[in-house]
>>> print(open('upload-v6.json').read())   # JSON, C-alpha atoms
[["chain", "number", "residue", "atom", "x", "y", "z"],
["A", 1, "MET", "CA", -33.58, -38.16, -55.46],
["A", 2, "ALA", "CA", -35.06, -41.65, -55.07],
["A", 3, "LEU", "CA", -33.39, -44.16, -57.41],
["A", 4, "PRO", "CA", -35.37, -47.01, -58.98],
["A", 5, "ALA", "CA", -35.45, -50.28, -57.03],
["A", 6, "GLN", "CA", -32.28, -52.36, -57.35],
["A", 7, "ASP", "CA", -34.27, -55.62, -57.14],
["A", 8, "GLU", "CA", -37.73, -56.86, -56.24],
["A", 9, "ARG", "CA", -36.91, -56.76, -52.51],
["A", 10, "THR", "CA", -35.90, -53.09, -52.44],
["A", 11, "MET", "CA", -38.29, -51.13, -50.25],
["A", 12, "PRO", "CA", -39.92, -48.00, -51.74],
["A", 13, "ALA", "CA", -38.65, -44.58, -50.71],
["A", 14, "VAL", "CA", -40.64, -41.65, -49.35],
["A", 15, "VAL", "CA", -39.50, -38.35, -50.82],
["A", 16, "LEU", "CA", -40.06, -35.45, -48.40],
["A", 17, "ARG", "CA", -40.78, -32.58, -50.77],
["A", 18, "GLU", "CA", -40.68, -28.84, -50.03],
["A", 19, "LEU", "CA", -40.40, -29.28, -46.27],
["A", 20, "ASP", "CA", -39.47, -25.63, -45.77],
["A", 21, "GLN", "CA", -42.27, -24.30, -48.00],
["A", 22, "ARG", "CA", -45.30, -26.26, -46.84],
["A", 23, "PRO", "CA", -47.16, -25.42, -43.62],
["A", 24, "LEU", "CA", -45.64, -26.90, -40.46],
["A", 25, "GLU", "CA", -48.89, -28.69, -39.58],
["A", 26, "GLN", "CA", -48.87, -30.46, -42.95],
["A", 27, "THR", "CA", -45.31, -31.73, -42.68],
["A", 28, "LEU", "CA", -45.90, -32.71, -39.06],
["A", 29, "ALA", "CA", -48.89, -34.82, -40.07],
["A", 30, "GLU", "CA", -46.76, -36.48, -42.76],
["A", 31, "PHE", "CA", -44.13, -37.52, -40.20],
["A", 32, "VAL", "CA", -46.77, -38.77, -37.76],
["A", 33, "ALA", "CA", -48.25, -40.96, -40.50],
["A", 34, "LEU", "CA", -44.81, -42.34, -41.39],
["A", 35, "ILE", "CA", -44.01, -43.23, -37.78],
["A", 36, "GLU", "CA", -47.40, -44.86, -37.27],
["A", 37, "GLN", "CA", -46.98, -46.91, -40.44],
["A", 38, "HIS", "CA", -43.32, -47.95, -40.11],
["A", 39, "GLY", "CA", -42.38, -47.41, -36.47],
["A", 40, "HIS", "CA", -39.08, -45.65, -37.28],
["A", 41, "VAL", "CA", -38.01, -43.14, -39.93],
["A", 42, "ILE", "CA", -34.48, -42.73, -41.34],
["A", 43, "VAL", "CA", -34.02, -39.42, -43.15],
["A", 44, "VAL", "CA", -31.04, -39.32, -45.54],
["A", 45, "CYS", "CA", -30.26, -35.93, -47.06],
["A", 46, "SER", "CA", -27.46, -34.16, -48.89],
["A", 47, "GLY", "CA", -25.18, -31.50, -47.48],
["A", 48, "ALA", "CA", -26.39, -29.31, -50.36],
["A", 49, "VAL", "CA", -29.95, -29.29, -49.00],
["A", 50, "PRO", "CA", -30.92, -25.70, -48.05],
["A", 51, "GLU", "CA", -30.51, -24.85, -44.37],
["A", 52, "PRO", "CA", -34.26, -24.05, -43.89],
["A", 53, "VAL", "CA", -35.02, -27.69, -44.77],
["A", 54, "ILE", "CA", -32.59, -28.94, -42.11],
["A", 55, "ARG", "CA", -34.09, -26.60, -39.51],
["A", 56, "ARG", "CA", -37.56, -27.89, -40.37],
["A", 57, "LEU", "CA", -36.41, -31.50, -39.95],
["A", 58, "TYR", "CA", -35.01, -30.78, -36.48],
["A", 59, "ALA", "CA", -38.13, -28.81, -35.56],
["A", 60, "LEU", "CA", -40.35, -31.73, -36.54],
["A", 61, "ARG", "CA", -38.24, -34.17, -34.55],
["A", 62, "SER", "CA", -38.37, -31.88, -31.53],
["A", 63, "LEU", "CA", -42.14, -31.30, -31.75],
["A", 64, "LEU", "CA", -42.79, -35.03, -31.93],
["A", 65, "GLU", "CA", -40.43, -35.61, -28.97],
["A", 66, "SER", "CA", -39.50, -38.81, -30.75],
["A", 67, "ASP", "CA", -36.34, -40.91, -30.67],
["A", 68, "ARG", "CA", -37.68, -42.83, -33.64],
["A", 69, "ILE", "CA", -36.47, -40.35, -36.27],
["A", 70, "ALA", "CA", -32.83, -40.59, -37.39],
["A", 71, "LEU", "CA", -31.37, -37.67, -39.36],
["A", 72, "PHE", "CA", -28.35, -38.66, -41.45],
["A", 73, "ARG", "CA", -26.28, -36.19, -43.53],
["A", 74, "PRO", "CA", -23.21, -38.08, -44.83],
["A", 75, "GLY", "CA", -20.44, -36.17, -46.59],
["A", 76, "LEU", "CA", -21.26, -37.61, -50.00],
["A", 77, "PRO", "CA", -22.13, -35.84, -53.25],
["A", 78, "PRO", "CA", -25.84, -35.95, -54.22],
["A", 79, "LEU", "CA", -25.57, -39.05, -56.43],
["A", 80, "GLY", "CA", -23.68, -40.89, -53.67],
["A", 81, "ILE", "CA", -26.48, -39.91, -51.25],
["A", 82, "ALA", "CA", -29.06, -41.40, -53.62],
["A", 83, "VAL", "CA", -27.06, -44.65, -53.92],
["A", 84, "LEU", "CA", -26.65, -44.93, -50.14],
["A", 85, "ALA", "CA", -30.36, -44.38, -49.59],
["A", 86, "ARG", "CA", -31.14, -47.19, -52.03],
["A", 87, "GLN", "CA", -28.72, -49.52, -50.27],
["A", 88, "LEU", "CA", -30.56, -48.85, -47.00],
["A", 89, "ARG", "CA", -33.84, -49.55, -48.79],
["A", 90, "GLN", "CA", -32.38, -52.88, -49.93],
["A", 91, "LEU", "CA", -31.34, -53.76, -46.37],
["A", 92, "ALA", "CA", -34.73, -52.71, -45.00],
["A", 93, "SER", "CA", -36.14, -55.98, -46.36],
["A", 94, "CYS", "CA", -33.76, -58.00, -44.15],
["A", 95, "ASP", "CA", -34.02, -58.97, -40.48],
["A", 96, "LEU", "CA", -32.17, -55.89, -39.19],
["A", 97, "SER", "CA", -33.40, -53.79, -36.29],
["A", 98, "PRO", "CA", -34.11, -50.08, -36.96],
["A", 99, "GLY", "CA", -31.01, -48.98, -35.03],
["A", 100, "VAL", "CA", -28.70, -51.35, -36.91],
["A", 101, "LEU", "CA", -30.24, -50.36, -40.25],
["A", 102, "ALA", "CA", -29.79, -46.65, -39.53],
["A", 103, "SER", "CA", -26.24, -47.22, -38.25],
["A", 104, "ALA", "CA", -25.42, -49.12, -41.43],
["A", 105, "GLY", "CA", -25.46, -45.84, -43.32],
["A", 106, "ARG", "CA", -22.21, -44.74, -41.67],
["A", 107, "LEU", "CA", -20.59, -48.09, -42.41],
["A", 108, "LEU", "CA", -21.62, -48.25, -46.06],
["A", 109, "THR", "CA", -20.31, -44.78, -46.87],
["A", 110, "HIS", "CA", -16.79, -46.24, -46.61],
["A", 111, "TYR", "CA", -17.54, -48.46, -49.62],
["A", 112, "ILE", "CA", -18.89, -45.69, -51.87],
["A", 113, "HIS", "CA", -16.57, -43.85, -54.28],
["A", 114, "SER", "CA", -18.15, -40.66, -55.63],
["A", 115, "GLY", "CA", -16.84, -38.08, -58.06],
["A", 116, "ALA", "CA", -17.51, -36.18, -61.25],
["A", 117, "VAL", "CA", -16.09, -35.05, -64.55],
["A", 118, "LEU", "CA", -16.24, -31.24, -64.46],
["A", 119, "GLY", "CA", -15.92, -28.60, -67.14],
["A", 120, "SER", "CA", -14.76, -26.08, -64.54],
["A", 121, "VAL", "CA", -13.45, -26.09, -60.97],
["A", 122, "ALA", "CA", -13.64, -22.31, -60.55],
["A", 123, "LYS", "CA", -16.48, -22.61, -58.01],
["A", 124, "LEU", "CA", -15.63, -26.03, -56.57],
["A", 125, "ASP", "CA", -15.23, -25.76, -52.79],
["A", 126, "ARG", "CA", -15.87, -29.37, -51.74],
["A", 127, "VAL", "CA", -12.44, -30.62, -52.86],
["A", 128, "PRO", "CA", -9.08, -28.80, -52.51],
["A", 129, "VAL", "CA", -8.27, -27.05, -55.81],
["A", 130, "THR", "CA", -4.83, -25.63, -56.60],
["A", 131, "LEU", "CA", -4.36, -22.16, -58.07],
["A", 132, "LYS", "CA", -2.97, -23.79, -61.22],
["A", 133, "ALA", "CA", -6.13, -25.89, -61.63],
["A", 134, "HIS", "CA", -8.26, -22.76, -61.12],
["A", 135, "ALA", "CA", -6.34, -21.01, -63.90],
["A", 136, "LYS", "CA", -6.64, -23.95, -66.29],
["A", 137, "SER", "CA", -10.39, -24.19, -65.70],
["A", 138, "TRP", "CA", -10.76, -20.96, -67.71],
["A", 139, "MET", "CA", -9.21, -22.58, -70.79],
["A", 140, "PRO", "CA", -11.86, -23.68, -73.35],
["A", 141, "GLY", "CA", -12.34, -27.43, -73.53],
["A", 142, "THR", "CA", -10.54, -28.22, -70.29],
["A", 143, "GLN", "CA", -12.08, -31.00, -68.21],
["A", 144, "PHE", "CA", -11.23, -32.30, -64.75],
["A", 145, "GLY", "CA", -11.72, -35.66, -63.08],
["A", 146, "VAL", "CA", -12.60, -35.29, -59.41],
["A", 147, "VAL", "CA", -13.19, -37.75, -56.58],
["A", 148, "ALA", "CA", -14.83, -36.24, -53.49],
["A", 149, "HIS", "CA", -15.22, -39.41, -51.43],
["A", 150, "PRO", "CA", -13.63, -41.34, -49.77],
["A", 151, "GLU", "CA", -10.40, -39.37, -50.42],
["A", 152, "PRO", "CA", -10.27, -36.08, -52.37],
["A", 153, "GLN", "CA", -8.56, -36.32, -55.76],
["A", 154, "LEU", "CA", -8.38, -33.95, -58.71],
["A", 155, "VAL", "CA", -6.68, -34.39, -62.11],
["A", 156, "ARG", "CA", -6.81, -32.54, -65.39],
["A", 157, "ILE", "CA", -8.19, -35.02, -67.91],
["A", 158, "GLY", "CA", -5.64, -36.13, -70.46],
["A", 159, "PRO", "CA", -3.99, -39.32, -71.78],
["A", 160, "GLU", "CA", -2.19, -39.97, -68.48],
["A", 161, "ALA", "CA", -4.97, -38.88, -66.10],
["A", 162, "VAL", "CA", -5.65, -41.47, -63.38],
["A", 163, "LEU", "CA", -7.96, -41.50, -60.36],
["A", 164, "ASN", "CA", -7.58, -44.11, -57.62],
["A", 165, "GLY", "CA", -10.71, -46.19, -57.19],
["A", 166, "PRO", "CA", -12.11, -49.08, -55.15],
["A", 167, "GLU", "CA", -10.12, -52.26, -54.66],
["A", 168, "PHE", "CA", -13.23, -54.45, -54.88],
["A", 169, "GLY", "CA", -15.83, -55.17, -57.53],
["A", 170, "THR", "CA", -18.50, -52.49, -57.95],
["A", 171, "TRP", "CA", -21.07, -51.11, -60.36],
["A", 172, "MET", "CA", -20.84, -47.52, -61.57],
["A", 173, "LEU", "CA", -23.78, -45.14, -61.83],
["A", 174, "LEU", "CA", -23.64, -42.06, -64.08],
["A", 175, "ALA", "CA", -25.74, -38.89, -64.04],
["A", 176, "LYS", "CA", -25.07, -36.58, -67.00],
["A", 177, "GLY", "CA", -25.39, -32.83, -66.79],
["A", 178, "GLN", "CA", -24.43, -30.29, -69.48],
["A", 179, "LEU", "CA", -21.18, -32.02, -70.43],
["A", 180, "GLN", "CA", -20.02, -34.69, -72.87],
["A", 181, "SER", "CA", -16.97, -36.88, -72.14],
["A", 182, "ASP", "CA", -15.70, -40.27, -73.32],
["A", 183, "TRP", "CA", -13.16, -40.40, -70.49],
["A", 184, "ILE", "CA", -15.65, -41.80, -68.01],
["A", 185, "GLY", "CA", -15.79, -45.12, -69.87],
["A", 186, "GLY", "CA", -12.05, -45.59, -69.43],
["A", 187, "LEU", "CA", -12.34, -44.70, -65.75],
["A", 188, "ALA", "CA", -14.99, -47.38, -65.23],
["A", 189, "LYS", "CA", -12.72, -49.92, -66.91],
["A", 190, "SER", "CA", -9.68, -48.94, -64.81],
["A", 191, "TRP", "CA", -11.80, -49.22, -61.66],
["A", 192, "GLY", "CA", -12.91, -52.72, -62.66],
["A", 193, "ALA", "CA", -16.60, -51.84, -62.67],
["A", 194, "HIS", "CA", -18.96, -54.70, -63.52],
["A", 195, "GLY", "CA", -20.96, -52.31, -65.69],
["A", 196, "LEU", "CA", -22.32, -48.80, -66.18],
["A", 197, "ARG", "CA", -25.83, -47.60, -65.43],
["A", 198, "GLU", "CA", -27.34, -44.16, -66.01],
["A", 199, "THR", "CA", -29.81, -42.03, -64.10],
["A", 200, "PRO", "CA", -30.98, -38.39, -64.23],
["A", 201, "LEU", "CA", -28.79, -35.79, -62.51],
["A", 202, "PRO", "CA", -29.90, -35.03, -58.92],
["A", 203, "ALA", "CA", -31.31, -31.54, -58.39],
["A", 204, "GLU", "CA", -28.56, -30.58, -55.89],
["A", 205, "SER", "CA", -25.62, -31.70, -58.05],
["A", 206, "SER", "CA", -24.98, -28.40, -59.85],
["A", 207, "GLU", "CA", -24.83, -26.53, -56.55],
["A", 208, "TRP", "CA", -22.70, -29.21, -54.86],
["A", 209, "TRP", "CA", -20.10, -29.29, -57.65],
["A", 210, "GLY", "CA", -20.23, -25.56, -58.46],
["A", 211, "THR", "CA", -21.15, -26.07, -62.12],
["A", 212, "GLY", "CA", -23.84, -27.56, -64.34],
["A", 213, "ARG", "CA", -21.20, -28.73, -66.83],
["A", 214, "LEU", "CA", -20.58, -32.11, -65.24],
["A", 215, "ILE", "CA", -21.04, -35.86, -65.32],
["A", 216, "GLU", "CA", -21.45, -37.20, -61.79],
["A", 217, "PHE", "CA", -20.49, -40.81, -61.05],
["A", 218, "THR", "CA", -20.64, -43.16, -58.10],
["A", 219, "SER", "CA", -19.11, -46.61, -57.69],
["A", 220, "TYR", "CA", -21.00, -48.86, -55.26],
["A", 221, "LEU", "CA", -21.83, -52.37, -54.05],
["A", 222, "ALA", "CA", -25.08, -53.57, -55.56],
["A", 223, "ASP", "CA", -25.44, -57.13, -54.22],
["A", 224, "LEU", "CA", -27.78, -57.34, -51.24],
["A", 225, "SER", "CA", -26.04, -60.42, -49.82],
["A", 226, "VAL", "CA", -22.71, -58.52, -49.75],
["A", 227, "LEU", "CA", -24.30, -55.50, -48.07],
["A", 228, "TYR", "CA", -25.99, -57.72, -45.48],
["A", 229, "GLN", "CA", -22.75, -59.57, -44.72],
["A", 230, "LEU", "CA", -20.90, -56.28, -44.23],
["A", 231, "VAL", "CA", -23.47, -54.96, -41.77],
["A", 232, "THR", "CA", -23.96, -58.15, -39.77],
["A", 233, "SER", "CA", -20.21, -58.75, -39.43],
["A", 234, "VAL", "CA", -19.88, -55.64, -37.23],
["A", 235, "ARG", "CA", -20.37, -55.97, -33.48],
["A", 236, "GLN", "CA", -23.72, -54.70, -32.24],
["A", 237, "THR", "CA", -24.32, -52.95, -28.92],
["A", 238, "SER", "CA", -27.33, -51.55, -27.09],
["A", 239, "CYS", "CA", -27.61, -47.81, -26.58],
["A", 240, "HIS", "CA", -27.29, -47.13, -22.84],
["A", 241, "TRP", "CA", -29.86, -44.32, -23.11],
["A", 242, "CYS", "CA", -32.73, -45.52, -25.33],
["A", 243, "GLY", "CA", -31.88, -49.24, -25.42],
["A", 244, "ILE", "CA", -31.97, -49.64, -29.20],
["A", 245, "ASP", "CA", -29.42, -51.91, -30.91],
["A", 246, "VAL", "CA", -26.79, -50.02, -32.92],
["A", 247, "ILE", "CA", -23.40, -50.47, -34.53],
["A", 248, "GLY", "CA", -20.74, -47.83, -33.94],
["A", 249, "ASP", "CA", -20.12, -45.46, -31.06],
["A", 250, "ARG", "CA", -23.13, -43.13, -31.42],
["A", 251, "CYS", "CA", -26.84, -43.88, -31.38],
["A", 252, "VAL", "CA", -28.40, -42.64, -34.60],
["A", 253, "PHE", "CA", -31.79, -42.03, -32.99],
["A", 254, "CYS", "CA", -31.06, -40.34, -29.64],
["A", 255, "SER", "CA", -27.42, -39.31, -30.45],
["A", 256, "ALA", "CA", -26.14, -40.74, -27.14],
["A", 257, "THR", "CA", -22.54, -41.93, -26.95],
["A", 258, "PRO", "CA", -21.21, -44.66, -24.65],
["A", 259, "PRO", "CA", -20.68, -43.38, -21.10],
["A", 260, "VAL", "CA", -17.12, -42.69, -20.00],
["A", 261, "TYR", "CA", -16.26, -44.02, -16.58],
["A", 262, "ASP", "CA", -13.45, -42.64, -14.46],
["A", 263, "PRO", "CA", -10.86, -45.30, -13.61],
["A", 264, "PRO", "CA", -10.98, -46.49, -9.97],
["A", 265, "PRO", "CA", -8.50, -44.75, -7.67],
["A", 266, "ARG", "CA", -5.23, -46.56, -7.21],
["A", 267, "ALA", "CA", -4.60, -48.07, -3.83],
["A", 268, "PRO", "CA", -1.74, -46.45, -1.88],
["A", 269, "GLU", "CA", 1.56, -48.28, -2.14],
["A", 270, "GLN", "CA", 2.49, -50.42, 0.82],
["A", 271, "ARG", "CA", 6.08, -49.70, 1.85],
["A", 272, "THR", "CA", 8.03, -52.34, 3.78],
["A", 273, "PRO", "CA", 10.15, -50.90, 6.63],
["A", 274, "ALA", "CA", 13.88, -51.24, 6.00]]
>>> encode(input="upload-v6.json", output="structure tokens")
Amino acid sequence: MALPAQDERTMPAVVLRELDQRPLEQTLAEFVALIEQHGHVIVVCSGAVPEPVIRRLYALRSLLESDRIALFRPGLPPLGIAVLARQLRQLASCDLSPGVLASAGRLLTHYIHSGAVLGSVAKLDRVPVTLKAHAKSWMPGTQFGVVAHPEPQLVRIGPEAVLNGPEFGTWMLLAKGQLQSDWIGGLAKSWGAHGLRETPLPAESSEWWGTGRLIEFTSYLADLSVLYQLVTSVRQTSCHWCGIDVIGDRCVFCSATPPVYDPPPRAPEQRTPA
């Protein structure tokens, strides 16, 4: 799902639709046009995307024999994925190289808190669920507060229910499914959110959370200057294989890691005769 632009500088998104259903030649031509227009392509997709779509993405990258396509599947719920993609679109307007921009995705995931209010956890397999919570999910009217990222948390919603949140100022984005809950407003207040915004529920959310009775939420940094400062404060290196500038220990375009050199052999000890 492509979220609306955060500000006038936010770059537009390209939504790759029905990759596994359209002819290979058609999707290949779409990628060729994107590379010719932009030079590099960063594909951000959810872990709930069907496996045939992922296979098609790797097939396209292989057919093009291109190191200019980065495939990024962070362990975030669908709404968190949408927020991260928009943050990268914001940063795309800055003076960042393609490798640094693509690498920024891994960095920014640490500053995203994603969860949901669920009407049932019977089919939830993304977060550890106790047997007791499974049993209570069959009770009418029971709701659960869940955080999937950065650290799994699960509580039964009640007067004393608390979820640990970010220790810095954020905005909160809501996507409502087939569930009503006033608890989310109190959560936003306890997390110190600057405000609440709403958006439609991503198509993959029901599958990701195991139920359509949910309200998905994500807490995130919205200010472009803060995002830019975070990314540029990290040391940049050049990939030893393709030469592109990156941050982190793995190139997002060619997947190369820094070479490991064997330590030089130790010189034999010189013994002094007694």
>>> atom_distance(input="upload-v6.json", atom1="CA of His149 in chain A", atom2="CA of Gly210 in chain A")
16.3 Å
>>> closest_atom_pairs(input="upload-v6.json", of="range 87-170 of chain A", to="range 43-60 of chain A", cutoff="12 Å", atoms="all atoms listed in the file", output="tab-separated table")
residue	atom	partner	partner_atom	distance
A:Gln87	CA	A:Val44	CA	11.5
A:Leu88	CA	A:Val44	CA	9.7
A:Arg89	CA	A:Val44	CA	11.1
A:Leu101	CA	A:Val43	CA	11.9
A:Ala102	CA	A:Val43	CA	9.1
A:Ser103	CA	A:Val44	CA	11.8
A:Gly105	CA	A:Val44	CA	8.9
A:Arg106	CA	A:Val44	CA	11.1
A:Asp125	CA	A:Ala48	CA	12.0
A:Arg126	CA	A:Gly47	CA	10.5
>>> residues_around(input="upload-v6.json", residues="Leu76 in chain A", least_positions_apart="4", cutoff="12 Å", atoms="all atoms listed in the file", output="MDAnalysis selection string")
chainID A and resid 44:48 72 80:85 105:106 108:116 126:127 147:152 204:205 208:209 216:218
>>> residues_around(input="upload-v6.json", residues="Asn164 in chain A", least_positions_apart="6", cutoff="9 Å", atoms="all atoms listed in the file", output="list in words")
Val147, Gln153, Ser190 and Trp191 of chain A
>>> residues_around(input="upload-v6.json", residues="Gly158 in chain A", least_positions_apart="3", cutoff="9 Å", atoms="only C-alpha atoms", output="MDAnalysis selection string")
chainID A and resid 143:144 155 161:162 183
